[in-house]
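As stored in entry02.cif (mmCIF, C-alpha atoms):
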```cif
data_structure
#
loop_
_atom_site.label_atom_id
_atom_site.label_comp_id
_atom_site.auth_asym_id
_atom_site.auth_seq_id
_atom_site.Cartn_x
_atom_site.Cartn_y
_atom_site.Cartn_z
CA MET A 5 -98.37 -157.68 -6.33
CA SER A 6 -98.13 -159.93 -3.28
CA GLU A 7 -94.83 -161.16 -1.89
CA ILE A 8 -95.65 -164.64 -3.19
CA GLU A 9 -95.96 -163.47 -6.80
CA LYS A 10 -92.71 -163.10 -8.68
CA LYS A 11 -91.94 -160.71 -11.48
CA PRO A 12 -90.84 -162.52 -14.62
CA LEU A 13 -87.14 -162.29 -15.37
CA GLU A 14 -86.15 -159.70 -17.91
CA THR A 15 -84.21 -162.22 -19.97
CA GLU A 16 -84.76 -160.56 -23.34
CA LYS A 17 -83.80 -157.12 -22.01
CA PHE A 18 -80.74 -158.66 -20.34
CA TYR A 19 -79.43 -160.30 -23.52
CA THR A 20 -80.25 -157.27 -25.67
CA GLU A 21 -78.07 -155.11 -23.45
CA VAL A 22 -75.33 -157.77 -23.22
CA LYS A 23 -75.18 -158.01 -27.02
CA LYS A 24 -74.92 -154.21 -27.34
CA ASN A 25 -71.89 -154.21 -25.05
CA VAL A 26 -70.30 -157.18 -26.81
CA LYS A 27 -70.72 -155.42 -30.18
CA ASN A 28 -68.83 -152.49 -28.63
CA SER A 29 -65.84 -154.81 -28.00
CA MET A 30 -66.60 -155.76 -24.39
CA ALA A 31 -65.82 -159.34 -23.39
CA TYR A 32 -68.98 -161.44 -23.03
CA ARG A 33 -68.41 -162.17 -19.34
CA ASP A 34 -67.76 -158.48 -18.57
CA ALA A 35 -70.89 -157.52 -20.49
CA VAL A 36 -72.93 -160.06 -18.52
CA GLN A 37 -71.66 -158.72 -15.21
CA LEU A 38 -72.19 -155.08 -16.15
CA VAL A 39 -75.73 -155.58 -17.43
CA ALA A 40 -76.65 -157.66 -14.38
CA VAL A 41 -75.62 -154.79 -12.12
CA MET A 42 -77.49 -152.28 -14.30
CA ILE A 43 -80.71 -154.31 -14.34
CA GLY A 44 -80.43 -155.46 -10.74
CA GLY A 45 -83.07 -157.58 -9.03
CA GLU A 46 -83.29 -161.29 -9.73
CA ILE A 47 -81.05 -161.08 -12.78
CA ALA A 48 -78.20 -159.69 -10.67
CA ARG A 49 -78.71 -162.41 -8.08
CA LEU A 50 -78.66 -165.19 -10.68
CA VAL A 51 -75.65 -164.13 -12.73
CA SER A 52 -73.06 -164.79 -10.04
CA PRO A 53 -73.74 -168.53 -9.61
CA ALA A 54 -73.68 -169.06 -13.38
CA ILE A 55 -70.35 -167.26 -13.73
CA ASN A 56 -68.90 -169.18 -10.80
CA LYS A 57 -69.98 -172.53 -12.26
CA TYR A 58 -68.64 -171.60 -15.69
CA GLN A 59 -65.26 -170.76 -14.14
CA GLU A 60 -65.21 -173.98 -12.13
CA ALA A 61 -66.07 -176.02 -15.24
CA ILE A 62 -63.31 -174.55 -17.41
CA TYR A 63 -60.50 -174.32 -14.85
CA GLU A 64 -58.52 -177.48 -15.48
CA LYS A 65 -57.45 -177.93 -11.84
CA THR A 66 -60.98 -178.40 -10.54
CA GLU A 67 -62.53 -181.80 -10.09
CA LEU A 68 -65.57 -180.67 -12.04
CA SER A 69 -63.54 -179.86 -15.15
CA GLN A 70 -62.21 -183.42 -15.17
CA GLN A 71 -65.67 -185.00 -15.38
CA PRO A 72 -66.49 -186.64 -18.72
CA ASN A 73 -69.96 -185.12 -18.51
CA VAL A 74 -68.76 -181.75 -17.23
CA ASP A 75 -71.74 -179.75 -18.50
CA GLU A 76 -74.31 -182.06 -16.96
CA CYS A 77 -72.42 -182.07 -13.66
CA ALA A 78 -72.11 -178.28 -13.79
CA LEU A 79 -75.86 -177.83 -14.21
CA ALA A 80 -76.61 -180.37 -11.49
CA SER A 81 -74.35 -178.55 -9.03
CA MET A 82 -75.08 -174.99 -10.12
CA THR A 83 -75.21 -173.36 -6.69
CA LYS A 84 -72.48 -175.38 -4.99
CA LEU A 85 -68.95 -176.58 -5.63
CA TRP A 86 -68.57 -179.95 -7.31
CA HIS A 87 -67.21 -182.49 -4.84
CA GLY A 88 -67.43 -185.62 -6.97
CA GLU A 89 -71.02 -186.23 -6.01
CA ASN A 90 -72.42 -189.55 -7.09
CA PHE A 91 -74.24 -188.34 -10.17
CA GLU A 92 -76.09 -190.25 -12.81
CA GLY A 93 -77.37 -188.11 -15.61
CA SER A 94 -80.71 -188.49 -17.29
CA THR A 95 -81.66 -187.58 -20.81
CA GLU A 96 -85.35 -187.28 -20.05
CA GLN A 97 -87.15 -183.99 -20.61
CA MET A 98 -87.77 -182.20 -17.34
CA SER A 99 -89.39 -178.86 -16.78
CA CYS A 100 -87.40 -176.26 -14.90
CA THR A 101 -88.20 -172.99 -13.23
CA GLU A 102 -87.55 -169.77 -15.10
CA GLU A 103 -84.59 -169.11 -12.81
CA GLU A 104 -83.05 -172.56 -13.44
CA THR A 105 -83.49 -172.15 -17.18
CA PHE A 106 -81.84 -168.72 -17.04
CA LEU A 107 -78.90 -170.04 -14.97
CA ASP A 108 -78.35 -173.12 -17.11
CA SER A 109 -78.61 -171.18 -20.37
CA LEU A 110 -76.23 -168.49 -19.13
CA TYR A 111 -73.70 -171.20 -18.23
CA PHE A 112 -73.74 -172.43 -21.86
CA VAL A 113 -73.61 -168.90 -23.24
CA LEU A 114 -70.58 -168.04 -21.11
CA LYS A 115 -68.81 -171.32 -21.83
CA TYR A 116 -69.18 -171.12 -25.60
CA ALA A 117 -69.20 -167.34 -26.21
CA LYS A 118 -65.56 -167.31 -27.36
CA SER A 119 -66.05 -170.22 -29.74
CA GLU A 120 -65.96 -169.51 -33.45
CA ASN A 121 -69.25 -171.45 -33.72
CA ALA A 122 -70.70 -170.26 -30.42
CA LEU A 123 -74.35 -170.89 -31.17
CA GLU A 124 -73.80 -174.31 -32.70
CA ASP A 125 -71.42 -175.43 -29.92
CA ALA A 126 -73.75 -174.21 -27.16
CA LEU A 127 -76.74 -175.95 -28.74
CA VAL A 128 -74.85 -179.23 -29.14
CA ALA A 129 -73.81 -179.07 -25.48
CA ASN A 130 -77.38 -178.21 -24.47
CA ASP A 131 -78.67 -181.30 -26.26
CA THR A 132 -76.32 -183.58 -24.32
CA VAL A 133 -77.66 -182.73 -20.86
CA CYS A 134 -80.91 -183.40 -19.07
CA GLY A 135 -83.47 -180.78 -18.17
CA ASP A 136 -85.61 -178.46 -20.22
CA LYS A 137 -83.58 -178.45 -23.43
CA LYS A 138 -86.22 -176.59 -25.42
CA ALA A 139 -86.47 -173.69 -22.96
CA ARG A 140 -82.68 -173.39 -22.73
CA LYS A 141 -82.41 -173.49 -26.53
CA VAL A 142 -84.71 -170.47 -26.86
CA ILE A 143 -82.53 -168.42 -24.52
CA ILE A 144 -79.25 -169.61 -26.07
CA GLU A 145 -80.54 -168.65 -29.51
CA MET A 146 -81.62 -165.25 -28.14
CA ALA A 147 -78.15 -164.72 -26.67
CA PHE A 148 -76.40 -165.47 -29.96
CA ASP A 149 -78.94 -163.81 -32.28
CA ALA A 150 -80.12 -166.95 -34.03
CA LYS A 151 -82.83 -166.41 -36.55
#
```

Before anything else, please render the file you have as structure tokens.
Amino acid sequence: MSEIEKKPLETEKFYTEVKKNVKNSMAYRDAVQLVAVMIGGEIARLVSPAINKYQEAIYEKTELSQQPNVDECALASMTKLWHGENFEGSTEQMSCTEEETFLDSLYFVLKYAKSENALEDALVANDTVCGDKKARKVIIEMAFDAK
């Protein structure tokens, strides 16, 4: 494999292992971090920004958490802190890279994992933001064992 070619992310393996740990009473965020370290590679590199953005979005003292469209702003600023950027969302369907889809989906999974209706809440939030909604939906359903 050349340096230009990338290995596909092991998304299914990642969520299978996360779910095993969660079923053994581990908090979802802890399970995500542990499995990322165990799998390593690109997954490990991608988990940190998603966790950071999730924390920024839910911590009520951050500017991001005060945005009326917090989820859309969180996805738009995934790898940097939100500084009140001039942001106008779009509801159009856009394709995303595998890494972006993984990051965005993980953000929703982390944010809604503690909800009583985690899958439903995450999917509703997913539908309200721009980007590749269909690709994110597949991963969110995988994370919450939707059939």

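Considering all atoms listed in the file, the residue among A:Ala147, A:Phe18, A:Asn130, A:Ala117 positioned nearest to A:Tyr32 is A:Ala117.
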
May I have the protein, DNA and RNA residues with any atom at most 9 Å from the point (-87.3, -174.9, -17.6), counting all atoms listed in the file, written as a list of chain:residue names?
A:Met98, A:Ser99, A:Cys100, A:Thr101, A:Glu102, A:Glu103, A:Glu104, A:Thr105, A:Phe106, A:Gly135, A:Asp136, A:Lys137, A:Lys138, A:Ala139, A:Arg140

Might you spell out which residues the PyMOL selection byres ((chain A and resi 51-66) around 6) would select in the displayed file, as a PyMOL selection string?
chain A and resi 48-50+67-69+83+107+111

Store the residues picked out above, limited to C-alpha atoms, as a PDB file, in the coordinates of the input.
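Result file follows (out14.pdb):
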```pdb
ATOM      1  CA  ALA A  48     -78.200-159.690 -10.670  1.00  0.00           C
ATOM      2  CA  ARG A  49     -78.710-162.410  -8.080  1.00  0.00           C
ATOM      3  CA  LEU A  50     -78.660-165.190 -10.680  1.00  0.00           C
ATOM      4  CA  GLU A  67     -62.530-181.800 -10.090  1.00  0.00           C
ATOM      5  CA  LEU A  68     -65.570-180.670 -12.040  1.00  0.00           C
ATOM      6  CA  SER A  69     -63.540-179.860 -15.150  1.00  0.00           C
ATOM      7  CA  THR A  83     -75.210-173.360  -6.690  1.00  0.00           C
ATOM      8  CA  LEU A 107     -78.900-170.040 -14.970  1.00  0.00           C
ATOM      9  CA  TYR A 111     -73.700-171.200 -18.230  1.00  0.00           C
TER      10      TYR A 111
END
```

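Remark: for A:Thr132, the closest of the candidate residues A:Ser119, A:Asn73, A:Ser109, A:Ser81 is A:Asn73 (distances computed over all atoms listed in the file).
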
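The spacing separating atom CA of A:Glu120 from atom CA of A:Pro72 amounts to 22.6 Å.
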
Give me the residues within 8 Å of A:Asp75 as a ChimeraX atom specification, counting all atoms listed in the file and dropping any in the same chain fewer than 3 places off.
/A:61,78-79,129,133

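Evaluating the PyMOL selection byres ((chain A and resi 23) around 12) against the shown model yields Glu16, Lys17, Phe18, Tyr19, Thr20, Glu21, Val22, Lys24, Asn25, Val26, Lys27, Asn28, Ser29, Met30, Ala31, Tyr32, Arg33, Asp34, Ala35, Val36, Leu38, Val39, Val113, Ala117, Met146, Ala147, Phe148 and Asp149 of chain A.
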
Please measure the separation of atom CA of A:Leu123 and atom CA of A:Gly44, giving the value in Å to one decimal.
26.3 Å

In terms of the shortest atom-to-atom distance over only C-alpha atoms, which of A:Cys77, A:Cys134, A:Ile144, A:Met82 is closest to A:Leu114?
A:Ile144

As a check of understanding: the span from atom CA of A:Gly45 to atom CA of A:Thr15 is 11.9 Å

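Shortest separation to A:Glu14 among A:Val74, A:Ile47, A:Leu127, A:Ile143 occurs at residue A:Ile47, atoms counted being all atoms listed in the file.
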